[in-house]
$ cat final04.cif   # mmCIF, C-alpha atoms; chains and numbers go by the auth columns
data_coords
loop_
_atom_site.group_PDB
_atom_site.id
_atom_site.type_symbol
_atom_site.label_atom_id
_atom_site.label_comp_id
_atom_site.label_asym_id
_atom_site.label_seq_id
_atom_site.Cartn_x
_atom_site.Cartn_y
_atom_site.Cartn_z
_atom_site.B_iso_or_equiv
_atom_site.auth_seq_id
_atom_site.auth_asym_id
ATOM 1 C CA MET A 1 -15.201 -24.860 26.869 0.00 1 V
ATOM 2 C CA GLU A 2 -16.491 -21.410 25.999 0.00 2 V
ATOM 3 C CA ARG A 3 -14.329 -18.345 26.635 0.00 3 V
ATOM 4 C CA ASP A 4 -15.440 -14.757 26.757 0.00 4 V
ATOM 5 C CA ILE A 5 -12.667 -12.639 25.298 0.00 5 V
ATOM 6 C CA ARG A 6 -13.036 -8.879 25.219 0.00 6 V
ATOM 7 C CA LEU A 7 -10.846 -6.305 23.554 0.00 7 V
ATOM 8 C CA ASN A 8 -10.823 -2.613 24.273 0.00 8 V
ATOM 9 C CA TRP A 9 -11.175 -1.562 20.640 0.00 9 V
ATOM 10 C CA HIS A 10 -10.666 2.149 21.302 0.00 10 V
ATOM 11 C CA LEU A 11 -7.424 1.639 23.223 0.00 11 V
ATOM 12 C CA LEU A 12 -6.133 -0.787 20.603 0.00 12 V
ATOM 13 C CA VAL A 13 -6.784 1.704 17.804 0.00 13 V
ATOM 14 C CA GLU A 14 -5.209 4.539 19.829 0.00 14 V
ATOM 15 C CA GLU A 15 -2.068 2.441 20.284 0.00 15 V
ATOM 16 C CA ALA A 16 -2.007 1.660 16.551 0.00 16 V
ATOM 17 C CA ILE A 17 -2.250 5.363 15.703 0.00 17 V
ATOM 18 C CA LYS A 18 0.510 6.156 18.205 0.00 18 V
ATOM 19 C CA ARG A 19 2.797 3.487 16.724 0.00 19 V
ATOM 20 C CA ARG A 20 2.110 4.603 13.152 0.00 20 V
ATOM 21 C CA LYS A 21 3.024 8.180 14.026 0.00 21 V
ATOM 22 C CA GLU A 22 6.111 7.149 16.032 0.00 22 V
ATOM 23 C CA GLN A 23 7.306 5.169 13.028 0.00 23 V
ATOM 24 C CA LYS A 24 6.552 8.174 10.789 0.00 24 V
ATOM 25 C CA ILE A 25 4.336 6.117 8.503 0.00 25 V
ATOM 26 C CA SER A 26 1.546 7.933 6.666 0.00 26 V
ATOM 27 C CA GLN A 27 -1.861 6.369 6.229 0.00 27 V
ATOM 28 C CA ARG A 28 -1.093 6.110 2.516 0.00 28 V
ATOM 29 C CA ARG A 29 2.170 4.239 3.226 0.00 29 V
ATOM 30 C CA LEU A 30 0.458 1.937 5.733 0.00 30 V
ATOM 31 C CA ALA A 31 -2.159 1.185 3.099 0.00 31 V
ATOM 32 C CA ALA A 32 0.586 0.210 0.652 0.00 32 V
ATOM 33 C CA ILE A 33 2.334 -1.964 3.247 0.00 33 V
ATOM 34 C CA THR A 34 -0.839 -3.810 4.223 0.00 34 V
ATOM 35 C CA GLY A 35 -2.588 -3.949 0.857 0.00 35 V
ATOM 36 C CA ILE A 36 -5.600 -2.190 2.368 0.00 36 V
ATOM 37 C CA SER A 37 -7.109 0.977 0.925 0.00 37 V
ATOM 38 C CA GLN A 38 -6.285 4.312 2.559 0.00 38 V
ATOM 39 C CA PRO A 39 -9.992 5.007 3.228 0.00 39 V
ATOM 40 C CA THR A 40 -10.128 1.726 5.191 0.00 40 V
ATOM 41 C CA ILE A 41 -7.072 2.777 7.202 0.00 41 V
ATOM 42 C CA SER A 42 -8.832 6.068 7.907 0.00 42 V
ATOM 43 C CA ARG A 43 -12.026 4.297 9.029 0.00 43 V
ATOM 44 C CA PHE A 44 -9.932 2.062 11.297 0.00 44 V
ATOM 45 C CA GLU A 45 -8.322 5.121 12.899 0.00 45 V
ATOM 46 C CA GLN A 46 -11.746 6.686 13.383 0.00 46 V
ATOM 47 C CA LYS A 47 -12.458 3.638 15.575 0.00 47 V
ATOM 48 C CA ARG A 48 -15.181 2.457 13.254 0.00 48 V
ATOM 49 C CA ASP A 49 -16.090 -1.152 13.799 0.00 49 V
ATOM 50 C CA ASP A 50 -17.369 -1.783 10.296 0.00 50 V
ATOM 51 C CA ILE A 51 -14.047 -2.888 8.820 0.00 51 V
ATOM 52 C CA GLN A 52 -13.218 -6.528 8.270 0.00 52 V
ATOM 53 C CA LEU A 53 -11.368 -8.229 11.083 0.00 53 V
ATOM 54 C CA ALA A 54 -8.747 -9.450 8.594 0.00 54 V
ATOM 55 C CA SER A 55 -8.027 -5.833 7.629 0.00 55 V
ATOM 56 C CA ALA A 56 -7.685 -4.802 11.269 0.00 56 V
ATOM 57 C CA PHE A 57 -5.293 -7.713 11.844 0.00 57 V
ATOM 58 C CA LYS A 58 -3.158 -6.606 8.871 0.00 58 V
ATOM 59 C CA VAL A 59 -2.898 -3.075 10.272 0.00 59 V
ATOM 60 C CA LEU A 60 -2.095 -4.295 13.781 0.00 60 V
ATOM 61 C CA GLY A 61 0.453 -6.784 12.450 0.00 61 V
ATOM 62 C CA ALA A 62 2.208 -4.197 10.291 0.00 62 V
ATOM 63 C CA LEU A 63 2.564 -1.942 13.334 0.00 63 V
ATOM 64 C CA GLY A 64 3.917 -4.714 15.563 0.00 64 V
ATOM 65 C CA LEU A 65 0.802 -5.025 17.711 0.00 65 V
ATOM 66 C CA LEU A 66 -0.121 -8.538 16.673 0.00 66 V
ATOM 67 C CA VAL A 67 2.028 -11.628 17.042 0.00 67 V
ATOM 68 C CA GLN A 68 1.421 -13.938 14.119 0.00 68 V
ATOM 69 C CA ARG A 69 2.134 -17.641 14.460 0.00 69 V
#

$ encode --input "final04.cif" --output "structure tokens"
Amino acid sequence: MERDIRLNWHLLVEEAIKRRKEQKISQRRLAAITGISQPTISRFEQKRDDIQLASAFKVLGALGLLVQR
């Protein structure tokens, strides 16, 4: 069974930025929390789609936007 799953990347990134700012976490701090470089965090927030999915998941998870099982 094939499923077509679509994500609104721009809205997801906007929500991540909003949460990061609400939690008063800098990009540098988020990088330290996730183990991802600050330039990668910046590219993520610029809504670039050339970052690794694993990195995006780490950012989303750290901000409480991803439920990990």

$ closest_residue --input "final04.cif" --among "V:Glu14, V:Arg20, V:Leu65, V:Ile36" --to "Ile51 of chain V" --atoms "all atoms listed in the file"
V:Ile36

$ residues_around --input "final04.cif" --residues "Gly64 of chain V" --least-positions-apart "2" --cutoff "12 Å" --atoms "all atoms listed in the file" --output "list in words"
Leu12, Glu15, Ala16, Ile17, Lys18, Arg19, Arg20, Gln23, Phe57, Lys58, Val59, Leu60, Gly61, Ala62, Leu66, Val67 and Gln68 of chain V

$ write_last_selection --input "final04.cif" --atoms "C-alpha atoms" --output "PDB file, in the frame of the given file"
ATOM      1  CA  LEU V  12      -6.133  -0.787  20.603  1.00  0.00           C
ATOM      2  CA  GLU V  15      -2.068   2.441  20.284  1.00  0.00           C
ATOM      3  CA  ALA V  16      -2.007   1.660  16.551  1.00  0.00           C
ATOM      4  CA  ILE V  17      -2.250   5.363  15.703  1.00  0.00           C
ATOM      5  CA  LYS V  18       0.510   6.156  18.205  1.00  0.00           C
ATOM      6  CA  ARG V  19       2.797   3.487  16.724  1.00  0.00           C
ATOM      7  CA  ARG V  20       2.110   4.603  13.152  1.00  0.00           C
ATOM      8  CA  GLN V  23       7.306   5.169  13.028  1.00  0.00           C
ATOM      9  CA  PHE V  57      -5.293  -7.713  11.844  1.00  0.00           C
ATOM     10  CA  LYS V  58      -3.158  -6.606   8.871  1.00  0.00           C
ATOM     11  CA  VAL V  59      -2.898  -3.075  10.272  1.00  0.00           C
ATOM     12  CA  LEU V  60      -2.095  -4.295  13.781  1.00  0.00           C
ATOM     13  CA  GLY V  61       0.453  -6.784  12.450  1.00  0.00           C
ATOM     14  CA  ALA V  62       2.208  -4.197  10.291  1.00  0.00           C
ATOM     15  CA  LEU V  66      -0.121  -8.538  16.673  1.00  0.00           C
ATOM     16  CA  VAL V  67       2.028 -11.628  17.042  1.00  0.00           C
ATOM     17  CA  GLN V  68       1.421 -13.938  14.119  1.00  0.00           C
TER      18      GLN V  68
END

$ residues_near_point --input "final04.cif" --point "(-3.2, 4.6, -2.2)" --cutoff "9 Å" --atoms "all atoms listed in the file" --output "list of chain:residue names"
V:Gln27, V:Arg28, V:Arg29, V:Ala31, V:Ala32, V:Ile36, V:Ser37, V:Gln38, V:Pro39

$ closest_residue --input "final04.cif" --among "V:Ser42, V:Glu22, V:Arg48, V:Leu7" --to "Leu63 of chain V" --atoms "all atoms listed in the file"
V:Glu22

$ axis_aligned_box --input "final04.cif" --around "segment 38-41 of chain V" --padding-each-side "5 Å" --output "AutoDock Vina command-line options"
--center_x -8.2 --center_y 3.4 --center_z 4.9 --size_x 13.8 --size_y 13.3 --size_z 14.6

$ atom_distance --input "final04.cif" --atom1 "atom CA of Ser26 of chain V" --atom2 "atom CA of Arg43 of chain V"
14.2 Å

$ atom_distance --input "final04.cif" --atom1 "atom CA of Glu45 of chain V" --atom2 "atom CA of Trp9 of chain V"
10.6 Å

$ atom_distance --input "final04.cif" --atom1 "atom CA of Asp50 of chain V" --atom2 "atom CA of Asn8 of chain V"
15.5 Å

$ residues_around --input "final04.cif" --residues "Ser55 of chain V" --least-positions-apart "5" --cutoff "9 Å" --atoms "all atoms listed in the file" --output "NGL selection string"
:V and (34-36 or 40-41 or 44 or 60)
